[in-house]
$ cat start_26.txt   # compact mmCIF, C-alpha atoms and all ligand atoms
# COMPACT_ATOMS: atom_id res chain seq x y z
CA MET M 28 -43.47 -0.09 -49.05
CA SER M 29 -45.84 -1.44 -46.39
CA ILE M 30 -44.61 -2.86 -43.07
CA ASP M 31 -45.53 -6.38 -44.23
CA GLU M 32 -43.55 -5.91 -47.44
CA ILE M 33 -40.50 -4.68 -45.50
CA LYS M 34 -40.64 -7.80 -43.30
CA LYS M 35 -41.07 -10.13 -46.29
CA GLU M 36 -38.25 -8.44 -48.20
CA LEU M 37 -35.91 -8.63 -45.18
CA TYR M 38 -36.41 -12.39 -45.23
CA ASN M 39 -36.02 -12.64 -49.03
CA ASN M 40 -32.87 -10.54 -49.18
CA VAL M 41 -31.07 -12.47 -46.45
CA LEU M 42 -31.97 -15.57 -48.45
CA SER M 43 -30.60 -14.13 -51.69
CA GLY M 44 -27.67 -12.47 -49.87
CA ASP M 45 -28.14 -8.86 -50.96
CA PHE M 46 -26.06 -6.85 -48.46
CA GLU M 47 -27.04 -3.33 -49.55
CA LEU M 48 -30.75 -4.00 -49.88
CA THR M 49 -30.95 -5.85 -46.57
CA LYS M 50 -29.23 -2.93 -44.84
CA GLU M 51 -31.61 -0.43 -46.43
CA LEU M 52 -34.59 -2.57 -45.43
CA ALA M 53 -33.39 -2.73 -41.82
CA GLU M 54 -33.11 1.06 -41.76
CA LYS M 55 -36.62 1.33 -43.19
CA ALA M 56 -37.88 -1.18 -40.62
CA ILE M 57 -36.54 0.99 -37.77
CA SER M 58 -38.02 4.18 -39.20
CA GLU M 59 -41.38 2.40 -39.56
CA GLY M 60 -41.21 1.38 -35.90
CA ILE M 61 -40.86 -2.39 -36.43
CA ASP M 62 -39.67 -4.06 -33.19
CA PRO M 63 -35.98 -4.98 -33.76
CA LEU M 64 -36.23 -8.17 -31.72
CA GLU M 65 -39.27 -9.31 -33.69
CA ALA M 66 -37.42 -8.54 -36.95
CA ILE M 67 -34.44 -10.63 -35.80
CA ASN M 68 -36.47 -13.56 -34.47
CA SER M 69 -39.23 -13.71 -37.08
CA TYR M 70 -37.43 -12.77 -40.29
CA LEU M 71 -33.62 -12.78 -40.05
CA ILE M 72 -33.17 -16.02 -38.07
CA PRO M 73 -35.68 -18.09 -40.13
CA ALA M 74 -34.00 -16.84 -43.32
CA ILE M 75 -30.46 -17.75 -42.22
CA GLU M 76 -31.74 -21.13 -40.97
CA LEU M 77 -33.19 -21.86 -44.39
CA VAL M 78 -29.83 -20.85 -45.89
CA GLY M 79 -28.19 -23.42 -43.58
CA GLU M 80 -30.65 -26.11 -44.72
CA LYS M 81 -30.02 -25.31 -48.36
CA PHE M 82 -26.27 -25.49 -47.70
CA GLY M 83 -26.78 -28.86 -46.01
CA LYS M 84 -28.69 -30.12 -49.08
CA ARG M 85 -26.05 -28.70 -51.45
CA GLU M 86 -28.54 -26.30 -52.99
CA TYR M 87 -26.36 -23.44 -51.67
CA PHE M 88 -22.57 -23.37 -51.57
CA LEU M 89 -20.07 -21.64 -49.29
CA PRO M 90 -20.08 -18.31 -51.22
CA ASP M 91 -23.91 -18.24 -50.94
CA LEU M 92 -23.64 -18.95 -47.20
CA MET M 93 -21.16 -16.09 -46.82
CA ARG M 94 -23.26 -13.67 -48.84
CA SER M 95 -26.34 -14.44 -46.79
CA ALA M 96 -24.41 -14.20 -43.51
CA ASN M 97 -23.05 -10.79 -44.52
CA ALA M 98 -26.49 -9.58 -45.54
CA MET M 99 -27.85 -10.78 -42.21
CA LYS M 100 -25.04 -9.04 -40.33
CA SER M 101 -25.72 -5.72 -42.08
CA ALA M 102 -29.30 -5.78 -40.77
CA LEU M 103 -28.32 -7.22 -37.41
CA ASN M 104 -25.93 -4.31 -36.69
CA ILE M 105 -28.75 -1.86 -37.22
CA PHE M 106 -31.23 -3.80 -35.09
CA GLU M 107 -28.64 -4.40 -32.35
CA ASN M 108 -27.93 -0.66 -32.08
CA GLU M 109 -31.63 -0.10 -31.64
CA ILE M 110 -31.84 -2.81 -28.95
CA HIS M 111 -28.86 -1.23 -27.13
CA LYS M 112 -30.61 2.14 -27.14
CA SER M 113 -33.61 0.64 -25.36
CA GLY M 114 -31.42 -0.60 -22.51
CA VAL M 115 -29.75 2.68 -21.57
CA GLU M 116 -28.51 3.77 -18.14
CA ARG M 117 -29.59 1.04 -15.79
CA LYS M 118 -27.82 -0.48 -12.84
CA SER M 119 -25.61 -3.35 -14.06
CA LEU M 120 -27.19 -6.76 -13.45
CA GLY M 121 -23.77 -8.44 -13.56
CA LYS M 122 -20.63 -8.79 -15.65
CA ILE M 123 -20.53 -11.24 -18.53
CA VAL M 124 -17.64 -12.29 -20.76
CA ILE M 125 -18.88 -13.85 -24.01
CA GLY M 126 -17.28 -15.30 -27.14
CA THR M 127 -17.37 -18.03 -29.77
CA VAL M 128 -14.82 -20.71 -28.93
CA LYS M 129 -11.50 -21.42 -30.59
CA GLY M 130 -11.68 -22.85 -34.12
CA ASP M 131 -15.19 -21.47 -34.69
CA ILE M 132 -15.95 -18.29 -36.62
CA HIS M 133 -19.76 -18.28 -36.36
CA GLU M 134 -20.65 -14.98 -34.72
CA ILE M 135 -24.28 -14.18 -35.51
CA GLY M 136 -25.99 -16.09 -32.68
CA LYS M 137 -23.36 -15.06 -30.12
CA SER M 138 -23.80 -11.41 -31.12
CA ILE M 139 -27.58 -11.61 -30.74
CA VAL M 140 -27.16 -13.12 -27.27
CA ALA M 141 -24.62 -10.39 -26.35
CA ALA M 142 -26.93 -7.63 -27.60
CA LEU M 143 -29.93 -8.90 -25.63
CA LEU M 144 -27.89 -9.38 -22.45
CA SER M 145 -26.56 -5.89 -22.74
CA ALA M 146 -30.01 -4.42 -23.49
CA LYS M 147 -31.35 -6.16 -20.40
CA GLY M 148 -28.71 -4.41 -18.27
CA PHE M 149 -25.74 -6.78 -18.09
CA ASP M 150 -22.25 -5.40 -18.52
CA VAL M 151 -21.07 -7.47 -21.50
CA THR M 152 -17.53 -7.93 -22.80
CA ASP M 153 -17.75 -9.55 -26.25
CA LEU M 154 -14.45 -11.17 -27.20
CA GLY M 155 -15.66 -12.05 -30.71
CA ILE M 156 -14.93 -15.33 -32.48
CA ASP M 157 -12.20 -17.98 -32.35
CA VAL M 158 -11.51 -17.22 -28.68
CA ASP M 159 -9.02 -19.41 -26.82
CA SER M 160 -9.03 -20.40 -23.19
CA ASP M 161 -6.35 -17.85 -22.15
CA ALA M 162 -8.30 -14.97 -23.67
CA PHE M 163 -11.50 -16.06 -21.89
CA ILE M 164 -9.72 -16.50 -18.57
CA ASN M 165 -7.63 -13.30 -18.73
CA ASN M 166 -10.79 -11.30 -19.38
CA ILE M 167 -12.72 -13.02 -16.61
CA ILE M 168 -9.95 -12.03 -14.18
CA GLU M 169 -9.52 -8.52 -15.56
CA LYS M 170 -13.24 -7.71 -15.60
CA ASN M 171 -14.03 -9.66 -12.44
CA ALA M 172 -16.80 -11.34 -14.45
CA ASN M 173 -19.73 -13.14 -12.82
CA ILE M 174 -20.64 -15.18 -15.90
CA LEU M 175 -18.75 -16.75 -18.79
CA ALA M 176 -20.91 -17.38 -21.90
CA MET M 177 -19.51 -19.57 -24.68
CA SER M 178 -20.99 -20.18 -28.13
CA ALA M 179 -20.12 -23.04 -30.52
CA LEU M 180 -21.80 -23.85 -33.85
CA LEU M 181 -19.81 -26.87 -34.92
CA PRO M 182 -19.80 -30.35 -33.35
CA ILE M 183 -15.99 -30.26 -33.60
CA THR M 184 -15.69 -27.01 -31.62
CA MET M 185 -18.28 -27.83 -28.92
CA PRO M 186 -15.78 -29.86 -26.83
CA TYR M 187 -13.64 -26.72 -26.47
CA GLN M 188 -16.30 -25.30 -24.13
CA GLY M 189 -15.32 -28.17 -21.83
CA VAL M 190 -11.62 -27.43 -22.30
CA VAL M 191 -12.16 -23.88 -20.99
CA ILE M 192 -14.09 -25.20 -17.97
CA GLU M 193 -11.23 -27.61 -17.17
CA GLU M 194 -8.75 -24.74 -17.43
CA LEU M 195 -10.88 -22.65 -15.04
CA LYS M 196 -10.69 -25.55 -12.56
CA LYS M 197 -6.92 -25.84 -12.95
CA ARG M 198 -6.50 -22.15 -12.20
CA GLY M 199 -8.78 -22.31 -9.13
CA LEU M 200 -11.38 -20.03 -10.75
CA ARG M 201 -14.28 -22.41 -11.37
CA GLU M 202 -16.15 -21.43 -8.19
CA LYS M 203 -15.82 -17.73 -8.97
CA VAL M 204 -17.64 -17.72 -12.29
CA ARG M 205 -20.88 -19.27 -13.58
CA VAL M 206 -20.61 -20.82 -17.01
CA MET M 207 -23.36 -20.87 -19.65
CA VAL M 208 -23.10 -22.48 -23.06
CA GLY M 209 -25.09 -22.40 -26.30
CA GLY M 210 -25.07 -22.59 -30.09
CA ALA M 211 -27.17 -24.67 -32.50
CA PRO M 212 -25.62 -28.13 -31.87
CA VAL M 213 -25.27 -27.61 -28.09
CA THR M 214 -27.68 -29.53 -25.85
CA GLN M 215 -28.49 -29.70 -22.14
CA GLU M 216 -26.83 -33.12 -22.16
CA HIS M 217 -23.58 -31.63 -23.50
CA ALA M 218 -23.78 -28.80 -20.94
CA ASP M 219 -24.16 -31.35 -18.12
CA LYS M 220 -21.36 -33.51 -19.47
CA ILE M 221 -18.81 -30.69 -19.53
CA GLY M 222 -19.97 -29.33 -16.14
CA ALA M 223 -21.49 -26.02 -17.32
CA ASP M 224 -23.97 -24.26 -15.01
CA GLY M 225 -26.55 -23.74 -17.73
CA TYR M 226 -27.59 -24.03 -21.37
CA ALA M 227 -30.13 -22.06 -23.38
CA ASP M 228 -31.44 -22.72 -26.84
CA ASN M 229 -32.02 -19.08 -27.88
CA ALA M 230 -31.13 -15.51 -26.98
CA VAL M 231 -34.31 -14.74 -25.03
CA ASP M 232 -33.82 -17.83 -22.84
CA ALA M 233 -30.10 -16.98 -22.53
CA VAL M 234 -31.07 -13.73 -20.81
CA LYS M 235 -33.44 -15.58 -18.44
CA LEU M 236 -30.68 -18.08 -17.70
CA ALA M 237 -28.17 -15.31 -16.94
CA GLU M 238 -30.65 -13.74 -14.51
CA LYS M 239 -31.18 -17.11 -12.85
CA LEU M 240 -27.44 -17.73 -12.55
CA MET M 241 -26.92 -14.28 -10.98
CA ALA M 242 -29.58 -15.04 -8.37
CA LYS M 243 -27.74 -18.19 -7.25
C1 LIG N 301 -24.02 -18.29 -41.35
C2 LIG N 301 -23.26 -19.59 -41.29
C3 LIG N 301 -21.89 -19.55 -41.58
C4 LIG N 301 -21.13 -18.26 -41.82
C5 LIG N 301 -20.87 -17.56 -40.46
C6 LIG N 301 -20.75 -16.06 -40.64
C7 LIG N 301 -20.77 -15.29 -39.36
N1 LIG N 301 -20.26 -14.08 -39.48
O1 LIG N 301 -21.21 -15.73 -38.31
C8 LIG N 301 -19.84 -18.76 -42.52
C9 LIG N 301 -20.06 -18.69 -44.01
C10 LIG N 301 -18.54 -18.03 -42.17
C11 LIG N 301 -19.83 -20.22 -42.08
C12 LIG N 301 -18.70 -21.01 -42.14
C13 LIG N 301 -18.70 -22.38 -41.92
N2 LIG N 301 -19.79 -23.15 -41.69
CO1 LIG N 301 -21.50 -22.44 -41.18
N3 LIG N 301 -23.30 -21.98 -40.99
C14 LIG N 301 -23.92 -20.83 -40.98
C15 LIG N 301 -25.44 -21.07 -40.75
C16 LIG N 301 -26.13 -21.00 -42.11
C17 LIG N 301 -26.15 -20.12 -39.82
C18 LIG N 301 -25.54 -19.95 -38.44
C19 LIG N 301 -26.28 -18.81 -37.78
O2 LIG N 301 -25.81 -17.69 -37.78
N4 LIG N 301 -27.52 -19.09 -37.31
C20 LIG N 301 -28.42 -18.09 -36.78
C21 LIG N 301 -28.12 -17.85 -35.31
C22 LIG N 301 -29.07 -16.77 -34.77
O3 LIG N 301 -28.38 -19.05 -34.62
P1 LIG N 301 -27.33 -19.70 -33.60
O4 LIG N 301 -25.95 -19.35 -33.97
O5 LIG N 301 -27.70 -21.10 -33.38
O6 LIG N 301 -27.62 -18.87 -32.24
C23 LIG N 301 -28.80 -18.97 -31.46
C24 LIG N 301 -28.78 -20.09 -30.41
O7 LIG N 301 -28.00 -21.18 -30.76
C25 LIG N 301 -28.35 -19.41 -29.15
N5 LIG N 301 -26.92 -19.25 -28.85
C26 LIG N 301 -25.89 -19.04 -29.67
N6 LIG N 301 -24.76 -18.86 -29.00
C27 LIG N 301 -25.05 -18.95 -27.69
C28 LIG N 301 -24.26 -18.86 -26.55
C29 LIG N 301 -24.83 -19.02 -25.29
C30 LIG N 301 -23.98 -18.91 -24.09
C31 LIG N 301 -26.23 -19.29 -25.18
C32 LIG N 301 -26.82 -19.51 -23.85
C33 LIG N 301 -27.03 -19.38 -26.33
C34 LIG N 301 -26.45 -19.21 -27.57
O8 LIG N 301 -28.94 -18.12 -29.27
C35 LIG N 301 -28.83 -17.69 -30.64
C36 LIG N 301 -29.94 -16.73 -30.95
O9 LIG N 301 -31.22 -17.30 -30.74
C37 LIG N 301 -25.41 -22.51 -40.13
C38 LIG N 301 -26.72 -23.31 -40.25
C39 LIG N 301 -27.52 -23.34 -38.97
N7 LIG N 301 -28.80 -23.62 -39.09
O10 LIG N 301 -27.01 -23.17 -37.88
C40 LIG N 301 -24.21 -23.11 -40.83
C41 LIG N 301 -23.47 -24.30 -40.22
C42 LIG N 301 -23.35 -24.15 -38.71
N8 LIG N 301 -22.15 -24.19 -40.82
C43 LIG N 301 -21.65 -25.34 -41.15
C44 LIG N 301 -20.37 -25.55 -41.74
C45 LIG N 301 -20.04 -26.96 -42.17
C46 LIG N 301 -19.47 -24.47 -41.90
C47 LIG N 301 -18.04 -24.57 -42.43
C48 LIG N 301 -17.21 -25.74 -41.89
C49 LIG N 301 -18.12 -24.60 -43.96
C50 LIG N 301 -16.82 -24.81 -44.70
N9 LIG N 301 -16.80 -25.88 -45.44
O11 LIG N 301 -15.90 -24.04 -44.58
C51 LIG N 301 -17.46 -23.20 -42.00
C52 LIG N 301 -16.82 -23.29 -40.59
C53 LIG N 301 -15.83 -22.24 -40.33
C54 LIG N 301 -15.39 -22.22 -38.88
N10 LIG N 301 -14.21 -22.71 -38.59
O12 LIG N 301 -16.14 -21.82 -38.01
C55 LIG N 301 -22.59 -26.49 -40.79
C56 LIG N 301 -22.11 -27.29 -39.57
C57 LIG N 301 -22.45 -28.74 -39.71
C58 LIG N 301 -21.56 -29.65 -38.95
N11 LIG N 301 -22.15 -30.73 -38.52
O13 LIG N 301 -20.39 -29.41 -38.75
C59 LIG N 301 -23.96 -25.75 -40.66
C60 LIG N 301 -24.94 -26.41 -39.66
C61 LIG N 301 -24.60 -25.72 -42.08
C62 LIG N 301 -25.03 -27.10 -42.62
N12 LIG N 301 -26.32 -27.37 -42.66
O14 LIG N 301 -24.21 -27.89 -43.00
N13 LIG N 301 -21.05 -20.64 -41.68
$ encode --input "start_26.txt" --output "structure tokens"
Amino acid sequence: MSIDEIKKELYNNVLSGDFELTKELAEKAISEGIDPLEAINSYLIPAIELVGEKFGKREYFLPDLMRSANAMKSALNIFENEIHKSGVERKSLGKIVIGTVKGDIHEIGKSIVAALLSAKGFDVTDLGIDVDSDAFINNIIEKNANILAMSALLPITMPYQGVVIEELKKRGLREKVRVMVGGAPVTQEHADKIGADGYADNAVDAVKLAEKLMAK
């Protein structure tokens, strides 16, 4: 299979939700030397976005969405490991606690952001999905984190990013930690409204933002 075919099939199999084949293709992509970040940005993300559109138009249903998400995750794990390898043994750029907020189980975008931050040299604690304010705050204290990064993919869970910021204020911790927010429905306007220190629209910009926040 040529490199172009591998790329095309990665896209097609996320779309059709074939877990095994997508995983095999990701392994092939690595052995053929395809850049993992390019594979994520140019093939996996466009495919899962099309899945989302089809779901929105009722051409796909929840089981299709789940199949495609699982297929994407199987490839993502392989690419993320590869990205981690490229970021070995460097001085830590700062400590980041990241998670998807309470009520929200979307993890793909948050995991890509976490992988890139860690590859760049940040010390990242990924709390996973459905994370409540106490869990965020306890980890910030425990790890002495410089940055809190919160992801939300649903308009109904976005306000919870603001809830966590309010809780940080109540506990006298707001000045100790910079807060960045993201996720498909999140905007700069929302970030300003809830008093976050920054917003980024994608994982590459999230890394730039984290570097900027550390320099402040
Ligand atoms: C995959 C998916 C799922 C999977 C998630 C699996 C998983 N393990 O993550 C499953 C099937 C579980 C799922 C469930 C649901 N989903 Co869903 N899902 C999606 C889908 C198709 C893709 C999301 C995704 O992974 N995108 C790819 C990643 C790479 O993009 P991203 O998350 O935006 O992340 C990027 C940036 O936003 C940014 N970023 C992300 N996080 C952060 C954090 C920081 C700090 C920064 C700086 C940047 C940043 O960087 C990332 C990389 O570039 C979207 C459609 C879409 N276009 O978003 C719908 C979508 C979000 N889901 C939707 C819905 C409705 C649901 C359900 C309510 C369905 C249901 N009826 O049960 C449930 C909600 C469950 C819950 N409580 O959370 C709707 C939401 C619409 C709305 N207005 O509410 C969408 C938009 C689909 C649609 N068109 O209707 N979903």
$ closest_atom_pairs --input "start_26.txt" --of "chain M" --to "ligand LIG 301 (chain N)" --cutoff "6 Å" --atoms "all atoms listed in the file" --output "Markdown table"
| residue | atom | partner | partner_atom | distance |
| --- | --- | --- | --- | --- |
| M:Ile72 | CA | N:LIG301 | C22 | 5.3 |
| M:Ile75 | CA | N:LIG301 | C16 | 5.4 |
| M:Glu76 | CA | N:LIG301 | N7 | 4.3 |
| M:Val78 | CA | N:LIG301 | C16 | 5.3 |
| M:Gly79 | CA | N:LIG301 | C16 | 3.5 |
| M:Glu80 | CA | N:LIG301 | N12 | 5.0 |
| M:Phe82 | CA | N:LIG301 | N12 | 5.4 |
| M:Gly83 | CA | N:LIG301 | N12 | 3.7 |
| M:Leu92 | CA | N:LIG301 | C9 | 4.8 |
| M:Met93 | CA | N:LIG301 | C9 | 4.0 |
| M:Ala96 | CA | N:LIG301 | C1 | 4.6 |
| M:Gly130 | CA | N:LIG301 | N10 | 5.1 |
| M:Asp131 | CA | N:LIG301 | O12 | 3.5 |
| M:Ile132 | CA | N:LIG301 | O12 | 3.8 |
| M:His133 | CA | N:LIG301 | O1 | 3.5 |
| M:Glu134 | CA | N:LIG301 | O1 | 3.7 |
| M:Ile135 | CA | N:LIG301 | O1 | 4.4 |
| M:Gly136 | CA | N:LIG301 | O6 | 3.3 |
| M:Lys137 | CA | N:LIG301 | N6 | 4.2 |
| M:Ile139 | CA | N:LIG301 | C36 | 5.6 |
| M:Val140 | CA | N:LIG301 | O8 | 5.7 |
| M:Ala176 | CA | N:LIG301 | C30 | 4.1 |
| M:Met177 | CA | N:LIG301 | C30 | 4.6 |
| M:Ser178 | CA | N:LIG301 | C28 | 3.9 |
| M:Leu180 | CA | N:LIG301 | C42 | 5.1 |
| M:Leu181 | CA | N:LIG301 | O13 | 4.6 |
| M:Pro182 | CA | N:LIG301 | O13 | 5.5 |
| M:Met207 | CA | N:LIG301 | C30 | 4.9 |
| M:Val208 | CA | N:LIG301 | C30 | 3.8 |
| M:Gly209 | CA | N:LIG301 | C31 | 3.5 |
| M:Gly210 | CA | N:LIG301 | O7 | 3.3 |
| M:Ala211 | CA | N:LIG301 | O5 | 3.7 |
| M:Tyr226 | CA | N:LIG301 | C32 | 5.2 |
| M:Ala227 | CA | N:LIG301 | C32 | 4.2 |
| M:Asp228 | CA | N:LIG301 | C25 | 5.1 |
| M:Asn229 | CA | N:LIG301 | O9 | 3.5 |
| M:Ala230 | CA | N:LIG301 | O8 | 4.1 |
| M:Ala233 | CA | N:LIG301 | C32 | 4.3 |
$ residues_around --input "start_26.txt" --residues "Lys220 in chain M" --least-positions-apart "6" --cutoff "10 Å" --atoms "all atoms listed in the file" --output "JSON, numbers by chain"
{"M": [186, 189, 214]}
$ closest_residue --input "start_26.txt" --among "M:Gln215, M:Thr152, M:Gln188, M:Ser160" --to "Ala172 in chain M" --atoms "all atoms listed in the file"
M:Thr152
$ residues_around --input "start_26.txt" --residues "Ala141 in chain M" --least-positions-apart "6" --cutoff "8 Å" --atoms "only C-alpha atoms" --output "list in words"
Ile125, Val151 and Asp153 of chain M
$ closest_residue --input "start_26.txt" --among "M:Glu65, M:Glu59, M:Asp224, M:Glu51" --to "Ile105 in chain M" --atoms "only C-alpha atoms"
M:Glu51
$ residues_around --input "start_26.txt" --residues "Leu175 in chain M" --least-positions-apart "6" --cutoff "12 Å" --atoms "all atoms listed in the file" --output "PDB file with C-alpha atoms, in the coordinates of the input"
ATOM      1  CA  GLY M 121     -23.770  -8.440 -13.560  1.00  0.00           C
ATOM      2  CA  LYS M 122     -20.630  -8.790 -15.650  1.00  0.00           C
ATOM      3  CA  ILE M 123     -20.530 -11.240 -18.530  1.00  0.00           C
ATOM      4  CA  VAL M 124     -17.640 -12.290 -20.760  1.00  0.00           C
ATOM      5  CA  ILE M 125     -18.880 -13.850 -24.010  1.00  0.00           C
ATOM      6  CA  GLY M 126     -17.280 -15.300 -27.140  1.00  0.00           C
ATOM      7  CA  THR M 127     -17.370 -18.030 -29.770  1.00  0.00           C
ATOM      8  CA  VAL M 128     -14.820 -20.710 -28.930  1.00  0.00           C
ATOM      9  CA  ALA M 141     -24.620 -10.390 -26.350  1.00  0.00           C
ATOM     10  CA  ASP M 150     -22.250  -5.400 -18.520  1.00  0.00           C
ATOM     11  CA  VAL M 151     -21.070  -7.470 -21.500  1.00  0.00           C
ATOM     12  CA  THR M 152     -17.530  -7.930 -22.800  1.00  0.00           C
ATOM     13  CA  ASP M 153     -17.750  -9.550 -26.250  1.00  0.00           C
ATOM     14  CA  LEU M 154     -14.450 -11.170 -27.200  1.00  0.00           C
ATOM     15  CA  SER M 160      -9.030 -20.400 -23.190  1.00  0.00           C
ATOM     16  CA  ALA M 162      -8.300 -14.970 -23.670  1.00  0.00           C
ATOM     17  CA  PHE M 163     -11.500 -16.060 -21.890  1.00  0.00           C
ATOM     18  CA  ILE M 164      -9.720 -16.500 -18.570  1.00  0.00           C
ATOM     19  CA  ASN M 165      -7.630 -13.300 -18.730  1.00  0.00           C
ATOM     20  CA  ASN M 166     -10.790 -11.300 -19.380  1.00  0.00           C
ATOM     21  CA  ILE M 167     -12.720 -13.020 -16.610  1.00  0.00           C
ATOM     22  CA  ILE M 168      -9.950 -12.030 -14.180  1.00  0.00           C
ATOM     23  CA  GLN M 188     -16.300 -25.300 -24.130  1.00  0.00           C
ATOM     24  CA  VAL M 191     -12.160 -23.880 -20.990  1.00  0.00           C
ATOM     25  CA  ILE M 192     -14.090 -25.200 -17.970  1.00  0.00           C
ATOM     26  CA  LEU M 195     -10.880 -22.650 -15.040  1.00  0.00           C
ATOM     27  CA  LEU M 200     -11.380 -20.030 -10.750  1.00  0.00           C
ATOM     28  CA  ARG M 201     -14.280 -22.410 -11.370  1.00  0.00           C
ATOM     29  CA  GLU M 202     -16.150 -21.430  -8.190  1.00  0.00           C
ATOM     30  CA  LYS M 203     -15.820 -17.730  -8.970  1.00  0.00           C
ATOM     31  CA  VAL M 204     -17.640 -17.720 -12.290  1.00  0.00           C
ATOM     32  CA  ARG M 205     -20.880 -19.270 -13.580  1.00  0.00           C
ATOM     33  CA  VAL M 206     -20.610 -20.820 -17.010  1.00  0.00           C
ATOM     34  CA  MET M 207     -23.360 -20.870 -19.650  1.00  0.00           C
ATOM     35  CA  VAL M 208     -23.100 -22.480 -23.060  1.00  0.00           C
ATOM     36  CA  GLY M 209     -25.090 -22.400 -26.300  1.00  0.00           C
ATOM     37  CA  ALA M 223     -21.490 -26.020 -17.320  1.00  0.00           C
ATOM     38  CA  ASP M 224     -23.970 -24.260 -15.010  1.00  0.00           C
ATOM     39  CA  GLY M 225     -26.550 -23.740 -17.730  1.00  0.00           C
ATOM     40  CA  TYR M 226     -27.590 -24.030 -21.370  1.00  0.00           C
ATOM     41  CA  ALA M 233     -30.100 -16.980 -22.530  1.00  0.00           C
ATOM     42  CA  ALA M 237     -28.170 -15.310 -16.940  1.00  0.00           C
ATOM     43  CA  LEU M 240     -27.440 -17.730 -12.550  1.00  0.00           C
ATOM     44  CA  MET M 241     -26.920 -14.280 -10.980  1.00  0.00           C
TER      45      MET M 241
END
